[in-house]
file target_32.txt (compact mmCIF, C-alpha atoms and all ligand atoms)
# COMPACT_ATOMS: atom_id res chain seq x y z
CA MET R 19 6.42 19.33 22.66
CA VAL R 20 7.46 17.13 25.60
CA ASP R 21 10.75 17.33 27.49
CA THR R 22 12.29 14.39 29.33
CA ILE R 23 15.57 14.15 31.23
CA LEU R 24 17.53 10.93 30.71
CA GLU R 25 20.98 9.61 31.52
CA CYS R 26 23.60 10.74 28.99
CA PRO R 27 25.19 7.75 27.17
CA VAL R 28 28.54 9.60 27.11
CA CYS R 29 29.07 11.22 30.53
CA HIS R 30 26.42 9.14 32.41
CA GLN R 31 24.95 12.13 34.24
CA LEU R 32 21.21 12.70 34.44
CA THR R 33 21.58 15.70 32.17
CA LEU R 34 20.37 14.53 28.75
CA LYS R 35 17.43 16.72 27.82
CA VAL R 36 15.20 15.07 25.21
CA THR R 37 12.64 17.15 23.33
CA GLU R 38 9.94 15.41 21.30
CA THR R 39 8.18 17.29 18.53
CA GLU R 40 5.25 15.76 16.69
CA PHE R 41 4.24 16.52 13.14
CA GLU R 42 2.33 15.03 10.23
CA VAL R 43 3.99 13.87 7.00
CA PRO R 44 1.68 13.31 4.00
CA TYR R 45 1.16 9.55 3.41
CA PHE R 46 3.53 8.59 6.22
CA GLY R 47 1.33 9.78 9.07
CA LYS R 48 2.52 11.00 12.44
CA ALA R 49 6.24 11.49 12.90
CA ILE R 50 8.14 12.39 16.06
CA ILE R 51 11.49 14.16 16.01
CA TYR R 52 13.70 13.54 19.01
CA ASN R 53 16.36 16.12 19.79
CA ALA R 54 18.61 15.28 22.70
CA THR R 55 21.31 17.51 24.13
CA CYS R 56 23.40 16.80 27.20
CA GLN R 57 23.52 19.87 29.46
CA ASN R 58 26.75 18.57 30.99
CA CYS R 59 29.04 17.37 28.13
CA GLY R 60 27.27 18.78 25.08
CA TYR R 61 26.53 15.38 23.44
CA LYS R 62 23.79 15.70 20.82
CA ILE R 63 21.59 13.26 18.94
CA ASN R 64 18.64 13.67 16.61
CA ASP R 65 16.28 10.93 15.58
CA ILE R 66 13.02 10.68 13.71
CA LYS R 67 10.40 7.99 14.20
CA PHE R 68 7.23 7.37 12.27
CA GLU R 69 4.14 6.17 14.07
CA GLY R 70 2.27 4.10 11.54
CA ASN R 71 -1.52 3.99 11.45
CA TYR R 72 -1.85 1.08 9.05
CA PRO R 73 -2.13 -2.71 9.36
CA VAL R 74 1.16 -4.50 9.91
CA LYS R 75 0.36 -6.86 7.04
CA ASP R 76 -1.73 -6.03 4.01
CA LYS R 77 -2.14 -7.29 0.46
CA ILE R 78 -3.70 -6.36 -2.83
CA ILE R 79 -4.47 -8.41 -5.93
CA ILE R 80 -3.43 -6.92 -9.24
CA GLU R 81 -5.69 -8.15 -12.02
CA LYS R 82 -6.38 -5.27 -14.38
CA PRO R 83 -4.31 -2.48 -15.94
CA GLU R 84 -5.87 0.21 -13.67
CA ASP R 85 -4.49 -1.66 -10.65
CA LEU R 86 -0.99 -0.68 -11.78
CA LYS R 87 -1.84 2.85 -10.63
CA ILE R 88 -2.39 1.82 -7.00
CA LYS R 89 0.03 3.76 -4.82
CA ILE R 90 2.41 2.04 -2.44
CA VAL R 91 3.96 3.82 0.51
CA ARG R 92 7.03 2.04 1.79
CA GLY R 93 8.47 3.03 5.16
CA ASN R 94 12.10 2.12 5.86
CA ARG R 95 11.07 -0.98 7.87
CA GLY R 96 8.67 -2.27 5.23
CA ALA R 97 9.02 -5.48 3.20
CA ILE R 98 7.26 -5.80 -0.15
CA LYS R 99 6.68 -9.22 -1.72
CA ILE R 100 5.19 -10.44 -5.00
CA PRO R 101 5.11 -14.23 -4.48
CA GLU R 102 3.85 -15.10 -8.00
CA LEU R 103 6.83 -13.33 -9.56
CA GLY R 104 9.32 -14.41 -6.89
CA LEU R 105 10.17 -10.80 -6.09
CA SER R 106 10.83 -9.30 -2.70
CA LEU R 107 12.19 -6.10 -1.30
CA GLU R 108 13.41 -6.51 2.26
CA PRO R 109 14.21 -3.75 4.73
CA GLY R 110 17.95 -3.39 5.29
CA PRO R 111 20.21 -1.05 7.21
CA ILE R 112 19.97 1.55 4.43
CA ALA R 113 16.44 0.80 3.27
CA GLU R 114 14.86 3.90 1.87
CA SER R 115 11.33 5.17 2.28
CA PHE R 116 9.45 5.91 -0.92
CA ILE R 117 6.06 6.41 -2.50
CA THR R 118 5.45 4.83 -5.88
CA ASN R 119 2.73 2.96 -7.74
CA VAL R 120 2.70 -0.69 -8.84
CA GLU R 121 4.26 0.24 -12.17
CA GLY R 122 7.01 2.19 -10.43
CA LEU R 123 7.62 -0.76 -8.11
CA PHE R 124 8.26 -3.00 -11.17
CA GLN R 125 10.67 -0.43 -12.49
CA ARG R 126 12.59 -0.58 -9.21
CA PHE R 127 12.88 -4.35 -9.54
CA LEU R 128 13.88 -4.09 -13.23
CA ASP R 129 16.59 -1.58 -12.33
CA VAL R 130 18.34 -4.04 -10.03
CA LEU R 131 17.70 -7.28 -11.99
CA PRO R 132 20.66 -6.96 -14.41
CA LEU R 133 22.92 -7.40 -11.38
CA PHE R 134 21.78 -11.03 -11.19
CA ASP R 135 21.55 -13.99 -13.54
CA PRO R 136 20.80 -12.64 -17.07
CA GLU R 137 18.74 -15.74 -17.98
CA LYS R 138 16.44 -15.26 -15.00
CA THR R 139 16.38 -11.54 -15.61
CA LYS R 140 14.96 -12.06 -19.09
CA GLU R 141 12.30 -14.49 -17.86
CA LEU R 142 11.32 -12.18 -15.04
CA GLU R 143 11.26 -9.20 -17.36
CA GLU R 144 8.76 -11.06 -19.58
CA ARG R 145 6.59 -11.97 -16.61
CA ILE R 146 6.66 -8.39 -15.40
CA ASN R 147 5.60 -7.22 -18.86
CA ASP R 148 2.75 -9.79 -18.88
CA ALA R 149 1.68 -8.50 -15.50
CA LYS R 150 1.86 -4.90 -16.73
CA GLU R 151 -0.40 -5.83 -19.64
CA GLY R 152 -2.85 -7.52 -17.30
CA LYS R 153 -2.21 -11.02 -18.72
CA ILE R 154 -1.38 -12.56 -15.36
CA LYS R 155 -2.79 -11.95 -11.91
CA PHE R 156 -0.54 -11.44 -8.90
CA THR R 157 -0.50 -10.40 -5.28
CA ILE R 158 1.50 -7.65 -3.61
CA ILE R 159 2.08 -8.12 0.10
CA ILE R 160 3.34 -5.44 2.45
CA GLU R 161 4.67 -6.27 5.90
CA ASP R 162 5.83 -3.52 8.19
CA PRO R 163 6.16 -3.94 11.98
CA THR R 164 5.90 -0.15 12.37
CA GLY R 165 2.61 0.08 10.41
CA VAL R 166 3.94 2.88 8.20
CA SER R 167 3.92 1.08 4.83
CA HIS R 168 0.52 0.82 3.14
CA PHE R 169 -1.45 0.83 -0.09
CA VAL R 170 -3.32 3.97 -1.04
CA ARG R 171 -6.64 2.77 -2.36
CA GLU R 172 -8.58 5.38 -4.22
CA HIS R 173 -12.32 4.90 -4.31
ZN ZN K 201 26.75 14.07 28.71
call {"tool": "encode", "arguments": {"input": "target_32.txt", "output": "structure tokens", "more": "lines below"}}
Ligand SMILES: [Zn+2]
result
Amino acid sequence: MVDTILECPVCHQLTLKVTETEFEVPYFGKAIIYNATCQNCGYKINDIKFEGNYPVKDKIIIEKPEDLKIKIVRGNRGAIKIPELGLSLEPGPIAESFITNVEGLFQRFLDVLPLFDPEKTKELEERINDAKEGKIKFTIIIEDPTGVSHFVREH
């Protein structure tokens, strides 16, 4: 635990006491919780930051049914792209963190597809099914400036 004194964003006195606590989260790596309390006006904030240990950009090629079991960890700043299928999941203001496998990732895309063009949805659904059956080969790319998102490769 480390304590730091900063200027309070509310009362502007040098009375904001920030405590950092480090801990480990399975698959997500090191996380730091920041608790800040102003000793003068009582202002409080809490924040959590993940410190990623993985490459900022990584990719895997899916070419056989077993590859559908590869786990994907997505931090809230991570983007996931499947160029061959024209799919992408971009980080947004309410982007959620999750752990899934390739099959589960397809399900996430299929769950939101009906919101768009039904013609394209059908085509994409077929391509996803081909991919699930190992008939087509595709790439999954992860990009995450925080290095939290990654593939879990089991050897
Ligand atoms: Zn204050």
call {"tool": "residues_near_ligand", "arguments": {"input": "target_32.txt", "ligand": "ligand ZN 201 (chain K)", "cutoff": "6 Å", "atoms": "all atoms listed in the file", "output": "compact mmCIF listing (two decimals) with C-alpha atoms, in the frame of the given file"}}
result
# COMPACT_ATOMS: atom_id res chain seq x y z
CA CYS R 26 23.60 10.74 28.99
CA VAL R 28 28.54 9.60 27.11
CA CYS R 29 29.07 11.22 30.53
CA CYS R 56 23.40 16.80 27.20
CA ASN R 58 26.75 18.57 30.99
CA CYS R 59 29.04 17.37 28.13
CA GLY R 60 27.27 18.78 25.08
CA TYR R 61 26.53 15.38 23.44
call {"tool": "residues_around", "arguments": {"input": "target_32.txt", "residues": "His168 (chain R)", "least_positions_apart": "4", "cutoff": "9 Å", "atoms": "all atoms listed in the file", "output": "VMD selection string"}}
result
chain R and resid 45 to 46 72 to 77 89 to 93 96 160 to 162
call {"tool": "atom_distance", "arguments": {"input": "target_32.txt", "atom1": "CA of Asp85 (chain R)", "atom2": "CA of Lys99 (chain R)"}}
result
16.2 Å
call {"tool": "closest_residue", "arguments": {"input": "target_32.txt", "among": "R:Ala54, R:Ile79, R:Leu86, R:Val130", "to": "Lys150 (chain R)", "atoms": "all atoms listed in the file"}}
result
R:Leu86
call {"tool": "atom_distance", "arguments": {"input": "target_32.txt", "atom1": "CA of Phe134 (chain R)", "atom2": "CA of Ile159 (chain R)"}}
result
22.9 Å
call {"tool": "atom_distance", "arguments": {"input": "target_32.txt", "atom1": "CA of Gly152 (chain R)", "atom2": "CA of Glu108 (chain R)"}}
result
25.5 Å
call {"tool": "closest_residue", "arguments": {"input": "target_32.txt", "among": "R:Phe169, R:Phe68, R:Phe127, R:Phe156", "to": "Ser106 (chain R)", "atoms": "only C-alpha atoms"}}
result
R:Phe127
call {"tool": "residues_around", "arguments": {"input": "target_32.txt", "residues": "Asn147 (chain R)", "least_positions_apart": "3", "cutoff": "12 Å", "atoms": "all atoms listed in the file", "output": "PyMOL selection string"}}
result
chain R and resi 83+86+103+121+124-125+128+140-144+150-155
call {"tool": "closest_residue", "arguments": {"input": "target_32.txt", "among": "R:Ile78, R:Leu131, R:Ile158, R:Ile66", "to": "Phe41 (chain R)", "atoms": "only C-alpha atoms"}}
result
R:Ile66
call {"tool": "closest_residue", "arguments": {"input": "target_32.txt", "among": "R:Leu105, R:Thr139, R:Gln57, R:Ile51", "to": "Leu32 (chain R)", "atoms": "only C-alpha atoms"}}
result
R:Gln57
call {"tool": "residues_around", "arguments": {"input": "target_32.txt", "residues": "Gly70 (chain R)", "least_positions_apart": "3", "cutoff": "6 Å", "atoms": "all atoms listed in the file", "output": "PyMOL selection string"}}
result
chain R and resi 164-166
call {"tool": "closest_residue", "arguments": {"input": "target_32.txt", "among": "R:Lys82, R:Lys48, R:Lys138, R:Lys87", "to": "Val120 (chain R)", "atoms": "only C-alpha atoms"}}
result
R:Lys87
call {"tool": "closest_residue", "arguments": {"input": "target_32.txt", "among": "R:Ile112, R:Val43, R:Ala149, R:Val20", "to": "Glu84 (chain R)", "atoms": "all atoms listed in the file"}}
result
R:Ala149
